[in-house]
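Undergrad: Quick one: the structure is below, questions incoming.
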There are 2 protein chains.
Amino acid sequence: MRIRLIVAALALALGALPASAAKAPKAVRIPDAAMSQAAKLRDQALASDLAYRITESLTTEVGARMAGSEADARAVEWAKAKFKSLGYEKVWTEPVTFPKWERRSEHGAVLGAHSQPLSLTALGGSPGGAVEGDVVRFTDFASLEAAPAGSLAGKIAFLDFQMEPKRDGADYGMGSRIRTRGPTAAASKGAIGYLMHSAGTDSHRMPHTGITRFDDGVSPIPAAALASPDAQQLSRLVAMGPQRVRLALDCGWNGEATSYNVIGEVRGSSKPDEVVLIGGHLDSWDLGTGAIDDGAGVGISMAAGALIAKMPKHPARTIRVVAFANEEQGLHGGRAYAAAHLPQITKHQIGAESDFGADRIYGYASSLPENAHEADEQILSALAPLGITRLEAGKGEGPGSDVGPFAQQGLAWASLAQDGTHYFDLHHTPDDTFDKIDPGAIQQNAAAYAVFAYLAASADGSFGSSAKPADASASH
Amino acid sequence: MRIRLIVAALALALGALPASAAKAPKAVRIPDAAMSQAAKLRDQALASDLAYRITESLTTEVGARMAGSEADARAVEWAKAKFKSLGYEKVWTEPVTFPKWERRSEHGAVLGAHSQPLSLTALGGSPGGAVEGDVVRFTDFASLEAAPAGSLAGKIAFLDFQMEPKRDGADYGMGSRIRTRGPTAAASKGAIGYLMHSAGTDSHRMPHTGITRFDDGVSPIPAAALASPDAQQLSRLVAMGPQRVRLALDCGWNGEATSYNVIGEVRGSSKPDEVVLIGGHLDSWDLGTGAIDDGAGVGISMAAGALIAKMPKHPARTIRVVAFANEEQGLHGGRAYAAAHLPQITKHQIGAESDFGADRIYGYASSLPENAHEADEQILSALAPLGITRLEAGKGEGPGSDVGPFAQQGLAWASLAQDGTHYFDLHHTPDDTFDKIDPGAIQQNAAAYAVFAYLAASADGSFGSSAKPADASASH
C-alpha cells in the first residue's frame, strides 16, 4: 500500500493520471441485483461440466501444443471454433511472434562400470550438442554460484535440489531459479553441460522441462533436467566415486514463429467498451498434453465466459477471455497483449488468469484500491460459499502469468489462488494429461471465475487500472 | 488335496516313489531349540537393513539388466561378488541359454486431424516393423477372440482393458493373458499391429512392457503397450470417429544368449547335502532398474541367507539362494535349474521365491504334506509376529515364478505372499526404481524369509519333495 501511494503521488506529479484521479475517488460497490444474480450463476456453474469438457476437448483433439509447432496452429483454430460454438459474440486473434525452439531427441547415460541410461529432458532454450564429462554435484544454487572460476572446466554440473510440495508452490521459486539461472552459472565456471534434479515434487521417471536462458557473453551449454529417480540414482553413484556422464541433445532455436492470442468476448449490456479480462494460456510444453498447464485455465475461463453469456442479462461490462500464446517460453502472449492494449488500459476493469492447475481455489486477493474496498469484500463474500477466503499477504497473491506484464503497467488484477500441492507432480512432464483433472475441482474453479468476472463487470466504478509512469513500472 | 492323493496313488502304482514312501510317513516337526533360535533371528532380521542395501547396490551399480544384455553379464558378476562378500561359503554359476530379444527404438502416433504422439513400449518378443492402420478397439479379450476371421485385415487391434489394484494381484491374470495371447488373437484375424492398455494399475505416462508370444502358424505383428493415459486418450479419440495410428518398432529376436543362475550356499551343520531353496530373479526388464521386479527378491533372499550365515550355529540343512537368470522372458532360469537338479529333487527340502515386489508379506501357504502339518503350523507361528497369517485357499498361493517349473516336477514349495496392491503401478515400467522401496517393508520380508528358511532347514523329516511321474506333472 505504501508503494501504491508513492506511485500515485508520482503519477500525479507527472500528470500521468486522468484529471478525475486528482479528486477524491468515488467509492465502488456492486449493485445488490448483481450480487443475487452472481449467486444463481455460482450454482449453475457448479452444476456444469463445461470447463471439464472444454479441457477434455483441447487436450484430446489437439494434445501437446508447443509454441510454434504444427499443433500450436491447430490449437489456435480449435480456440476460435470453440469460442464461437460456446456463444461468444466476438472472436478474433492477435499475432504473437517469438523465437522458435525445437526438441528433436535427447539422451543421457552414465558411462563406465555402472553404465546405464538416465531419464532426462532438454530444458527449453537449451542448445543441442553431445558432451561427456565427470559430474560435479551441488545441492543448492548458492554452492554452484560460489564455485571458483574455471573449477568446472570440462565438467558437467549437476544441481540436485529437491522441491517440496506446498499449497502455494513456494519451492518453485528456487526450482525455477535453478532451471533458468543454473545453466548460465555453470557455463560461467567452465562447465560443458548442465543437469538438474527436475523442478518437481513427484517420484516418477518423468523429467520436468521448462524454459532456461543464457546471459549475454556466456556460451550456451546443453542443459537438461533429470527425473527425480534418476537424480537420486546419479547422486548415489557420485557418492561411490567419480562418474562420467554423456549428455546428447538435439534441440535448439530455429528462426521465428508466429502464433496468436485467441480472444472471445461476451458483450457488456451497458458499458461494452469496458472489459473484464480473464484467461489461460493456449500453448503447452511438448511432453504432456497440457491439461493442468494450462488446458484447465483455458477451460475454466472459456466456461466462465460462456456461463455468463447464457444469463438472461449480460453484466454492464464486456467479458473478454484470452487464450494466450506462448506463455511457456517467456510470457510472449501476455507481453504482446499488454503492448497492443496499453492505450486502452483504463478500459480494462481488471485482469485475472488461471494458470496453476485445476485443483480447488482456496484464496482470493486483488490490487483493488481503497475506494473499491466494499466491492472487493462483496466479491469475496460471493466466493465464500465456494470455500474461498482472503489470501494472506505474501502467500502467492499476484496477477497470473500472462496478466503480469500488463499488471506491471498498471492493470488492476485479482488472484484466484488454486491449491498447488500436487501441481508440481505433473507440471511440464509427460504426465500432464487430462485424466489427472478432478471434475468437481475444475467446476469449482469455473464457478469462481464466473462469479468474479460477472461481479467485476457489474461494479459501479473503476477498479483502478491506469498506466503507470515508466519509471514506477520499471521498479516492479 | 484330492489331486495330491490321486497323484500319490499313481506314483505308488508306478513305483516312482522311494520305498519308504509306502510306509506310514513319519510326522515332521521342528525342534524347540530351532523355534527359539528362529525368534532371535527374526528380531535380528527386523533390525537389519541388509536386504534394502543389497537391493540398492544391485539397482544402483548395475541398473536395468535385461536378459542377455551387457548389464545382465555385469549383474552376474555383481551377484557372485555379493554372495562372497556376504559370507556365503560356496558360490557358483550354472549356465542358462535362451533366445535374445532386443529393443532398439519404438514410436507410436495418432495420424491425421488429431495428430499426436503416443507413449508406448514394445512388448518383449514383438517383431520390429512399421505399420499404419485404422484402430479397432476392444474392451475385453473375449470380444477380440469373437471377432470374425479376417475382420481385422489391415487394422491395428487395440485391447483397452484396465486392471484394478488387488492385494493378490488377481487382475494380472487377465492383464498378462491380454499381453501374451492378444497379439496372436489379433494377428489371426488379420490385424497388422496390436496395441494394448498396459497391464498395470497406475495413471502415469509409463507403458508396461512384458513378454508376449506368437503361436506357430501365425505371422508375428508389431505389438506394444500404451501407457494408461494414452490408452484413455486413444479411447476418447476413437469415440469421436475413425483414428489412424502409426506404430513403428525397431526390436526383435537376435540369436541366442547365455546368462547364469548365480547360486550361493550357507552350509548346513548336519545335513549339508540337503537344501532349502530360496531366491529371486536377477534379470529385469530394460525400462526401469528392476527394484521391485526383482532386485527386492534378490535382496530379500540374499539377506535372509546372510543373516542365517551369521548365526552361532547353522541349521541342519544347507540354505541355497539362487539369483535366477532370465525369468522375464519365460522362466528360463527356473526351467534350467529344474532340469539340472531334478536328480536331486528329494534332497530339496522345499523351495520359495520372492518375486512380487517389496511390500509386506501378509500370508503363508505351502504344499507340505499332512505328515508335516505340525511343522507347517510351527513355521506359521514363527511368522505370526510379522503379521503373517495363513493364506486363504485360491488367494494367490503357489510356488514363486522360478520355483514353479521344479514344483511342477514335485518340489515342495511355500508361498510368502506379499501385498501386491501397488505392485502393478510399477511392474515392468521405467518407474520400477529403488526409491519406491520402503525400508521397513523389505526388512519384514527378509525377516520372514530368514525365519522360514531357517525352520525348514531345521525340521526333523522331509517336506515331501519327490519326482512326480511324467503324466501327473503334465496335468499341472
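Numbering starts fresh at 1 for the residues of each chain in the C-alpha cells, the chains themselves are lettered A, B, ... in the order given, and ligands are numbered from 1 as they appear.
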With a distance threshold of 8 Å and counting only C-alpha atoms, extract the residues of chain B near chain A and express them as a PyMOL selection string.
TA: chain B and resi 60-64+71+113-116+203-205+229+232-233+236-237+430-431+433-435
Undergrad: Determine, counting only C-alpha atoms, which protein, DNA and RNA residues have an atom within 10 Å of an atom of Ser48 in chain A; residues of the same chain fewer than 2 positions away are not included. Present the result as a PyMOL selection string.
TA: chain A and resi 42-46+50-53+303+307+439-440+443-444+446-447
Undergrad: Hey, can you spit out that residue selection with all heavy atoms as a short mmCIF file (atom, residue, chain, number, x, y, z; two decimals), in the first residue's frame?
TA:
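Saved the output as out.cif:
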```cif
data_model
loop_
_atom_site.label_atom_id
_atom_site.label_comp_id
_atom_site.auth_asym_id
_atom_site.auth_seq_id
_atom_site.Cartn_x
_atom_site.Cartn_y
_atom_site.Cartn_z
N ARG A 42 -23.32 -18.83 -9.73
CA ARG A 42 -22.44 -19.74 -9.00
C ARG A 42 -23.03 -21.14 -8.95
O ARG A 42 -22.35 -22.14 -9.22
CB ARG A 42 -22.23 -19.20 -7.59
CG ARG A 42 -21.22 -19.95 -6.75
CD ARG A 42 -21.08 -19.28 -5.39
NE ARG A 42 -22.33 -19.35 -4.66
CZ ARG A 42 -22.88 -18.32 -3.98
NH1 ARG A 42 -22.29 -17.16 -3.91
NH2 ARG A 42 -24.04 -18.49 -3.37
N ASP A 43 -24.33 -21.22 -8.62
CA ASP A 43 -24.97 -22.53 -8.53
C ASP A 43 -25.03 -23.22 -9.90
O ASP A 43 -24.81 -24.42 -10.02
CB ASP A 43 -26.37 -22.41 -7.94
CG ASP A 43 -26.31 -21.96 -6.48
OD1 ASP A 43 -25.22 -22.09 -5.87
OD2 ASP A 43 -27.34 -21.48 -5.97
N GLN A 44 -25.33 -22.44 -10.93
CA GLN A 44 -25.37 -23.01 -12.28
C GLN A 44 -23.98 -23.51 -12.69
O GLN A 44 -23.85 -24.59 -13.28
CB GLN A 44 -25.84 -21.95 -13.29
CG GLN A 44 -27.33 -21.68 -13.22
CD GLN A 44 -27.72 -20.34 -13.83
OE1 GLN A 44 -26.89 -19.64 -14.41
NE2 GLN A 44 -28.99 -19.98 -13.68
N ALA A 45 -22.97 -22.74 -12.37
CA ALA A 45 -21.61 -23.12 -12.76
C ALA A 45 -21.17 -24.39 -12.04
O ALA A 45 -20.52 -25.26 -12.63
CB ALA A 45 -20.64 -21.98 -12.48
N LEU A 46 -21.55 -24.49 -10.77
CA LEU A 46 -21.16 -25.69 -10.01
C LEU A 46 -21.82 -26.95 -10.57
O LEU A 46 -21.30 -28.05 -10.40
CB LEU A 46 -21.54 -25.53 -8.54
CG LEU A 46 -20.58 -24.70 -7.69
CD1 LEU A 46 -21.13 -24.56 -6.26
CD2 LEU A 46 -19.18 -25.33 -7.65
N LEU A 50 -18.90 -27.87 -18.05
CA LEU A 50 -18.39 -27.23 -19.25
C LEU A 50 -16.86 -27.06 -19.25
O LEU A 50 -16.19 -27.35 -20.24
CB LEU A 50 -19.09 -25.87 -19.44
CG LEU A 50 -18.89 -25.18 -20.78
CD1 LEU A 50 -19.32 -26.07 -21.94
CD2 LEU A 50 -19.68 -23.85 -20.79
N ALA A 51 -16.31 -26.59 -18.12
CA ALA A 51 -14.86 -26.39 -18.07
C ALA A 51 -14.13 -27.71 -18.28
O ALA A 51 -13.11 -27.77 -18.99
CB ALA A 51 -14.47 -25.78 -16.72
N TYR A 52 -14.66 -28.75 -17.67
CA TYR A 52 -14.06 -30.09 -17.81
C TYR A 52 -14.10 -30.53 -19.26
O TYR A 52 -13.12 -31.04 -19.80
CB TYR A 52 -14.85 -31.04 -16.90
CG TYR A 52 -14.29 -32.43 -16.77
CD1 TYR A 52 -13.10 -32.66 -16.11
CD2 TYR A 52 -15.01 -33.53 -17.26
CE1 TYR A 52 -12.61 -33.95 -15.95
CE2 TYR A 52 -14.53 -34.82 -17.11
CZ TYR A 52 -13.32 -35.03 -16.46
OH TYR A 52 -12.85 -36.31 -16.31
N ARG A 53 -15.24 -30.31 -19.90
CA ARG A 53 -15.39 -30.77 -21.30
C ARG A 53 -14.54 -29.95 -22.27
O ARG A 53 -14.02 -30.50 -23.25
CB ARG A 53 -16.87 -30.72 -21.71
CG ARG A 53 -17.75 -31.70 -20.97
CD ARG A 53 -17.32 -33.15 -21.16
NE ARG A 53 -17.95 -34.04 -20.18
CZ ARG A 53 -17.47 -35.23 -19.83
NH1 ARG A 53 -16.34 -35.68 -20.37
NH2 ARG A 53 -18.09 -35.97 -18.95
N ALA A 303 -15.23 -21.41 -20.02
CA ALA A 303 -16.51 -21.83 -19.44
C ALA A 303 -17.13 -20.69 -18.65
O ALA A 303 -18.35 -20.47 -18.72
CB ALA A 303 -16.31 -23.06 -18.55
N LEU A 307 -20.79 -19.30 -19.45
CA LEU A 307 -21.87 -19.36 -18.47
C LEU A 307 -22.50 -17.98 -18.29
O LEU A 307 -23.72 -17.84 -18.15
CB LEU A 307 -21.35 -19.91 -17.14
CG LEU A 307 -21.01 -21.42 -17.18
CD1 LEU A 307 -20.05 -21.80 -16.06
CD2 LEU A 307 -22.30 -22.26 -17.09
N PRO A 439 -13.08 -33.60 -11.90
CA PRO A 439 -14.20 -32.82 -12.43
C PRO A 439 -14.78 -31.85 -11.41
O PRO A 439 -15.09 -30.70 -11.74
CB PRO A 439 -15.23 -33.89 -12.82
CG PRO A 439 -14.45 -35.16 -13.00
CD PRO A 439 -13.30 -35.07 -12.04
N GLY A 440 -14.93 -32.29 -10.17
CA GLY A 440 -15.51 -31.41 -9.15
C GLY A 440 -14.64 -30.19 -8.90
O GLY A 440 -15.14 -29.07 -8.73
N GLN A 443 -14.84 -27.65 -11.79
CA GLN A 443 -16.14 -26.95 -11.77
C GLN A 443 -16.13 -25.84 -10.73
O GLN A 443 -16.68 -24.75 -10.96
CB GLN A 443 -17.28 -27.95 -11.50
CG GLN A 443 -17.56 -28.81 -12.73
CD GLN A 443 -18.61 -29.89 -12.52
OE1 GLN A 443 -18.54 -30.93 -13.16
NE2 GLN A 443 -19.57 -29.64 -11.66
N GLN A 444 -15.51 -26.11 -9.58
CA GLN A 444 -15.41 -25.06 -8.55
C GLN A 444 -14.62 -23.88 -9.10
O GLN A 444 -14.96 -22.72 -8.85
CB GLN A 444 -14.74 -25.65 -7.29
CG GLN A 444 -14.69 -24.68 -6.10
CD GLN A 444 -13.30 -24.10 -5.86
OE1 GLN A 444 -12.42 -24.18 -6.72
NE2 GLN A 444 -13.13 -23.50 -4.69
N ALA A 446 -14.36 -22.94 -12.28
CA ALA A 446 -15.17 -22.21 -13.27
C ALA A 446 -16.20 -21.36 -12.57
O ALA A 446 -16.48 -20.21 -12.98
CB ALA A 446 -15.82 -23.20 -14.23
N ALA A 447 -16.78 -21.90 -11.49
CA ALA A 447 -17.77 -21.13 -10.74
C ALA A 447 -17.14 -19.87 -10.16
O ALA A 447 -17.71 -18.78 -10.20
CB ALA A 447 -18.37 -22.00 -9.63
#
```
Undergrad: Set the distance at 6 Å and use only C-alpha atoms: which residues neighbour range 376-392 of chain B once local chain neighbours fewer than 6 positions away are removed? I'd like the list as a PyMOL selection string.
TA: chain B and resi 362-365
Undergrad: I'd like the contact shell of Lys90 in chain B - 12 Å cut-off, only C-alpha atoms, skipping same-chain residues fewer than 5 positions apart - returned as a PDB file with N, CA and C atoms, in the first residue's frame.
TA:
```pdb
ATOM      1  N   LYS B  80      27.839 -62.764  -7.913  1.00  0.00           N
ATOM      2  CA  LYS B  80      28.915 -63.618  -7.393  1.00  0.00           C
ATOM      3  C   LYS B  80      29.690 -62.877  -6.295  1.00  0.00           C
ATOM      4  N   ALA B  81      30.050 -61.643  -6.613  1.00  0.00           N
ATOM      5  CA  ALA B  81      30.835 -60.869  -5.644  1.00  0.00           C
ATOM      6  C   ALA B  81      30.026 -60.598  -4.375  1.00  0.00           C
ATOM      7  N   PHE B  83      27.470 -62.366  -3.066  1.00  0.00           N
ATOM      8  CA  PHE B  83      27.370 -63.590  -2.252  1.00  0.00           C
ATOM      9  C   PHE B  83      28.645 -63.766  -1.416  1.00  0.00           C
ATOM     10  N   LYS B  84      29.786 -63.603  -2.093  1.00  0.00           N
ATOM     11  CA  LYS B  84      31.053 -63.824  -1.380  1.00  0.00           C
ATOM     12  C   LYS B  84      31.221 -62.812  -0.246  1.00  0.00           C
ATOM     13  N   SER B  85      30.912 -61.556  -0.544  1.00  0.00           N
ATOM     14  CA  SER B  85      31.128 -60.532   0.484  1.00  0.00           C
ATOM     15  C   SER B  85      30.168 -60.712   1.659  1.00  0.00           C
ATOM     16  N   VAL B 262      22.956 -67.621 -10.579  1.00  0.00           N
ATOM     17  CA  VAL B 262      24.064 -67.427  -9.639  1.00  0.00           C
ATOM     18  C   VAL B 262      23.599 -67.955  -8.287  1.00  0.00           C
ATOM     19  N   ILE B 263      24.397 -68.843  -7.706  1.00  0.00           N
ATOM     20  CA  ILE B 263      23.952 -69.608  -6.547  1.00  0.00           C
ATOM     21  C   ILE B 263      24.948 -69.448  -5.401  1.00  0.00           C
ATOM     22  N   GLY B 264      24.416 -69.192  -4.229  1.00  0.00           N
ATOM     23  CA  GLY B 264      25.255 -69.109  -3.035  1.00  0.00           C
ATOM     24  C   GLY B 264      24.704 -70.026  -1.960  1.00  0.00           C
ATOM     25  N   GLU B 265      25.582 -70.639  -1.198  1.00  0.00           N
ATOM     26  CA  GLU B 265      25.122 -71.554  -0.146  1.00  0.00           C
ATOM     27  C   GLU B 265      25.706 -71.211   1.216  1.00  0.00           C
ATOM     28  N   VAL B 266      24.833 -71.385   2.202  1.00  0.00           N
ATOM     29  CA  VAL B 266      25.234 -71.361   3.605  1.00  0.00           C
ATOM     30  C   VAL B 266      25.144 -72.820   4.056  1.00  0.00           C
ATOM     31  N   ARG B 267      26.264 -73.390   4.367  1.00  0.00           N
ATOM     32  CA  ARG B 267      26.352 -74.843   4.550  1.00  0.00           C
ATOM     33  C   ARG B 267      25.632 -75.319   5.808  1.00  0.00           C
ATOM     34  N   GLY B 268      24.851 -76.391   5.639  1.00  0.00           N
ATOM     35  CA  GLY B 268      24.133 -76.966   6.776  1.00  0.00           C
ATOM     36  C   GLY B 268      25.077 -77.639   7.761  1.00  0.00           C
ATOM     37  N   PRO B 272      24.326 -81.317   5.239  1.00  0.00           N
ATOM     38  CA  PRO B 272      24.710 -80.285   4.260  1.00  0.00           C
ATOM     39  C   PRO B 272      24.317 -80.624   2.832  1.00  0.00           C
ATOM     40  N   ALA B 309      23.670 -67.162   7.977  1.00  0.00           N
ATOM     41  CA  ALA B 309      25.116 -67.481   7.979  1.00  0.00           C
ATOM     42  C   ALA B 309      25.809 -66.940   9.220  1.00  0.00           C
ATOM     43  N   THR B 318      21.463 -77.129   4.346  1.00  0.00           N
ATOM     44  CA  THR B 318      22.091 -76.002   3.651  1.00  0.00           C
ATOM     45  C   THR B 318      21.016 -75.027   3.162  1.00  0.00           C
ATOM     46  N   ILE B 319      21.304 -73.725   3.273  1.00  0.00           N
ATOM     47  CA  ILE B 319      20.440 -72.695   2.679  1.00  0.00           C
ATOM     48  C   ILE B 319      21.040 -72.358   1.320  1.00  0.00           C
ATOM     49  N   ARG B 320      20.279 -72.609   0.296  1.00  0.00           N
ATOM     50  CA  ARG B 320      20.746 -72.317  -1.064  1.00  0.00           C
ATOM     51  C   ARG B 320      19.932 -71.148  -1.616  1.00  0.00           C
ATOM     52  N   VAL B 321      20.639 -70.086  -1.950  1.00  0.00           N
ATOM     53  CA  VAL B 321      19.979 -68.895  -2.503  1.00  0.00           C
ATOM     54  C   VAL B 321      20.315 -68.805  -3.988  1.00  0.00           C
ATOM     55  N   VAL B 322      19.304 -68.706  -4.811  1.00  0.00           N
ATOM     56  CA  VAL B 322      19.522 -68.634  -6.257  1.00  0.00           C
ATOM     57  C   VAL B 322      19.044 -67.283  -6.785  1.00  0.00           C
TER      58      VAL B 322
END
```
Undergrad: Quick one: residues within 7 Å of range 28-31 of chain B, only C-alpha atoms counted, chain neighbours fewer than 5 positions away excluded, as a list in words?
TA: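 Listing them by chain and then by number gives Asn371, Ala372, Glu374, Ala375, Leu455, Ser458, Ala459, Asp460, Gly461 and Ser462 of chain B.
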Undergrad: Name the residues of range 43-108 of chain B that fall into alpha helix (DSSP H) according to DSSP on the backbone, using the chain letters and numbers of this document, as a ChimeraX atom specification.
TA: /B:43-46,50-57,70-85
Undergrad: Just to be explicit: take each residue in the selection above, keep C-alpha atoms, and write the result as a PDB file, in the first residue's frame.
TA:
```
ATOM      1  CA  ASP B  43      14.368 -59.874  15.685  1.00  0.00           C
ATOM      2  CA  GLN B  44      17.860 -59.548  14.258  1.00  0.00           C
ATOM      3  CA  ALA B  45      16.499 -59.507  10.715  1.00  0.00           C
ATOM      4  CA  LEU B  46      13.920 -56.852  11.555  1.00  0.00           C
ATOM      5  CA  LEU B  50      20.754 -55.668   4.673  1.00  0.00           C
ATOM      6  CA  ALA B  51      18.011 -56.545   2.163  1.00  0.00           C
ATOM      7  CA  TYR B  52      17.483 -52.836   1.479  1.00  0.00           C
ATOM      8  CA  ARG B  53      21.203 -52.240   0.960  1.00  0.00           C
ATOM      9  CA  ILE B  54      21.661 -55.266  -1.305  1.00  0.00           C
ATOM     10  CA  THR B  55      18.752 -54.086  -3.447  1.00  0.00           C
ATOM     11  CA  GLU B  56      20.208 -50.581  -3.515  1.00  0.00           C
ATOM     12  CA  SER B  57      23.565 -51.971  -4.614  1.00  0.00           C
ATOM     13  CA  GLU B  70      25.791 -56.343 -21.271  1.00  0.00           C
ATOM     14  CA  ALA B  71      24.262 -55.205 -17.972  1.00  0.00           C
ATOM     15  CA  ASP B  72      22.915 -58.723 -17.364  1.00  0.00           C
ATOM     16  CA  ALA B  73      26.501 -60.002 -17.548  1.00  0.00           C
ATOM     17  CA  ARG B  74      27.531 -57.312 -15.065  1.00  0.00           C
ATOM     18  CA  ALA B  75      24.679 -58.387 -12.803  1.00  0.00           C
ATOM     19  CA  VAL B  76      26.043 -61.942 -12.782  1.00  0.00           C
ATOM     20  CA  GLU B  77      29.438 -60.652 -11.688  1.00  0.00           C
ATOM     21  CA  TRP B  78      27.752 -58.453  -9.108  1.00  0.00           C
ATOM     22  CA  ALA B  79      25.825 -61.423  -7.676  1.00  0.00           C
ATOM     23  CA  LYS B  80      28.915 -63.618  -7.393  1.00  0.00           C
ATOM     24  CA  ALA B  81      30.835 -60.869  -5.644  1.00  0.00           C
ATOM     25  CA  LYS B  82      27.906 -60.001  -3.378  1.00  0.00           C
ATOM     26  CA  PHE B  83      27.370 -63.590  -2.252  1.00  0.00           C
ATOM     27  CA  LYS B  84      31.053 -63.824  -1.380  1.00  0.00           C
ATOM     28  CA  SER B  85      31.128 -60.532   0.484  1.00  0.00           C
TER      29      SER B  85
END
```
Undergrad: List the spatial neighbours of range 324-337 of chain A as a ChimeraX atom specification - criterion: any atom at most 8 Å away, only C-alpha atoms, same-chain residues fewer than 6 positions off excluded.
TA: /A:66-67,96-98,124,210-211,259-262,279-285,401-406
Undergrad: Step one, run DSSP on the backbone; step two, keep only residues of range 147-349 of chain A assigned to strand (DSSP E); then write them as an NGL selection string.
TA: :A and (156-159 or 193-197 or 223-226 or 244-266 or 271-281 or 317-324 or 348-349)
Undergrad: Take the residues from that selection and put them in a file with C-alpha atoms, as a PDB file, in the first residue's frame.
TA:
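Writing the result to selection_11.pdb gives the following:
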```pdb
ATOM      1  CA  ILE A 156      29.066 -31.481 -16.191  1.00  0.00           C
ATOM      2  CA  ALA A 157      27.478 -29.546 -13.341  1.00  0.00           C
ATOM      3  CA  PHE A 158      24.650 -31.367 -11.538  1.00  0.00           C
ATOM      4  CA  LEU A 159      22.371 -29.316  -9.328  1.00  0.00           C
ATOM      5  CA  GLY A 193      26.940 -29.388 -19.664  1.00  0.00           C
ATOM      6  CA  TYR A 194      24.264 -28.885 -17.030  1.00  0.00           C
ATOM      7  CA  LEU A 195      21.995 -31.353 -15.312  1.00  0.00           C
ATOM      8  CA  MET A 196      19.425 -30.522 -12.696  1.00  0.00           C
ATOM      9  CA  HIS A 197      17.112 -32.528 -10.498  1.00  0.00           C
ATOM     10  CA  ALA A 223      21.145 -28.253 -20.274  1.00  0.00           C
ATOM     11  CA  ALA A 224      18.690 -30.907 -19.160  1.00  0.00           C
ATOM     12  CA  ALA A 225      16.548 -31.984 -16.224  1.00  0.00           C
ATOM     13  CA  LEU A 226      16.763 -35.466 -14.728  1.00  0.00           C
ATOM     14  CA  ARG A 244      31.328 -39.802 -16.195  1.00  0.00           C
ATOM     15  CA  VAL A 245      28.122 -38.886 -17.989  1.00  0.00           C
ATOM     16  CA  ARG A 246      27.220 -38.438 -21.623  1.00  0.00           C
ATOM     17  CA  LEU A 247      24.570 -35.854 -22.480  1.00  0.00           C
ATOM     18  CA  ALA A 248      23.401 -35.726 -26.083  1.00  0.00           C
ATOM     19  CA  LEU A 249      20.690 -33.252 -27.003  1.00  0.00           C
ATOM     20  CA  ASP A 250      19.375 -32.498 -30.451  1.00  0.00           C
ATOM     21  CA  CYS A 251      17.346 -29.334 -29.966  1.00  0.00           C
ATOM     22  CA  GLY A 252      17.672 -25.609 -30.250  1.00  0.00           C
ATOM     23  CA  TRP A 253      16.427 -22.291 -31.563  1.00  0.00           C
ATOM     24  CA  ASN A 254      15.310 -22.320 -35.159  1.00  0.00           C
ATOM     25  CA  GLY A 255      14.177 -18.985 -36.534  1.00  0.00           C
ATOM     26  CA  GLU A 256      10.938 -17.296 -35.593  1.00  0.00           C
ATOM     27  CA  ALA A 257       7.342 -18.405 -35.394  1.00  0.00           C
ATOM     28  CA  THR A 258       4.090 -16.528 -35.178  1.00  0.00           C
ATOM     29  CA  SER A 259       1.165 -17.764 -33.142  1.00  0.00           C
ATOM     30  CA  TYR A 260      -1.892 -15.940 -31.858  1.00  0.00           C
ATOM     31  CA  ASN A 261      -3.642 -14.766 -28.756  1.00  0.00           C
ATOM     32  CA  VAL A 262      -7.157 -16.009 -29.372  1.00  0.00           C
ATOM     33  CA  ILE A 263      -9.794 -13.734 -27.866  1.00  0.00           C
ATOM     34  CA  GLY A 264     -13.513 -14.138 -27.334  1.00  0.00           C
ATOM     35  CA  GLU A 265     -15.940 -11.611 -25.930  1.00  0.00           C
ATOM     36  CA  VAL A 266     -19.307 -11.672 -24.239  1.00  0.00           C
ATOM     37  CA  LYS A 271     -20.540  -0.435 -20.960  1.00  0.00           C
ATOM     38  CA  PRO A 272     -19.468  -2.739 -23.776  1.00  0.00           C
ATOM     39  CA  ASP A 273     -16.205  -0.880 -24.391  1.00  0.00           C
ATOM     40  CA  GLU A 274     -15.018  -1.657 -20.863  1.00  0.00           C
ATOM     41  CA  VAL A 275     -13.692  -5.170 -20.310  1.00  0.00           C
ATOM     42  CA  VAL A 276     -13.027  -7.674 -17.580  1.00  0.00           C
ATOM     43  CA  LEU A 277     -10.103  -9.783 -18.742  1.00  0.00           C
ATOM     44  CA  ILE A 278      -9.787 -13.446 -17.795  1.00  0.00           C
ATOM     45  CA  GLY A 279      -7.916 -16.267 -19.483  1.00  0.00           C
ATOM     46  CA  GLY A 280      -5.393 -19.051 -19.563  1.00  0.00           C
ATOM     47  CA  HIS A 281      -2.610 -19.896 -21.944  1.00  0.00           C
ATOM     48  CA  ARG A 317     -19.055  -4.573 -18.990  1.00  0.00           C
ATOM     49  CA  THR A 318     -17.772  -6.970 -21.618  1.00  0.00           C
ATOM     50  CA  ILE A 319     -16.188 -10.259 -20.517  1.00  0.00           C
ATOM     51  CA  ARG A 320     -13.040 -10.763 -22.560  1.00  0.00           C
ATOM     52  CA  VAL A 321     -11.458 -14.226 -22.448  1.00  0.00           C
ATOM     53  CA  VAL A 322      -7.943 -14.590 -23.808  1.00  0.00           C
ATOM     54  CA  ALA A 323      -6.242 -17.866 -24.692  1.00  0.00           C
ATOM     55  CA  PHE A 324      -2.710 -16.541 -24.580  1.00  0.00           C
ATOM     56  CA  HIS A 348      -9.766  -2.705 -18.542  1.00  0.00           C
ATOM     57  CA  GLN A 349     -11.651  -3.047 -15.295  1.00  0.00           C
TER      58      GLN A 349
END
```
Undergrad: Interatomic distance between CA of Gly129 in chain A and CA of Lys155 in chain A?
TA: 14.5 Å
Undergrad: Would you compute the distance between CA of Leu41 in chain A and CA of Pro315 in chain A? Give it in Å to one decimal.
TA: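 It comes out at 11.8 Å.
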Undergrad: Rounded to one decimal in Å, what is the spacing between CA of Leu368 in chain B and CA of Phe463 in chain B?
TA: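 Computed distance, CA of Leu368 in chain B to CA of Phe463 in chain B, equals 5.6 Å.
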Undergrad: Show which residues sit within 8 Å of range 170-187 of chain A, as a VMD selection string. Count only C-alpha atoms, and ignore same-chain residues fewer than 3 positions away.
TA: chain A and resid 123 141 144 to 145 152 157 159 161 163 to 167 190 to 194 196 198 to 200 210 to 215 218 to 221 223 396
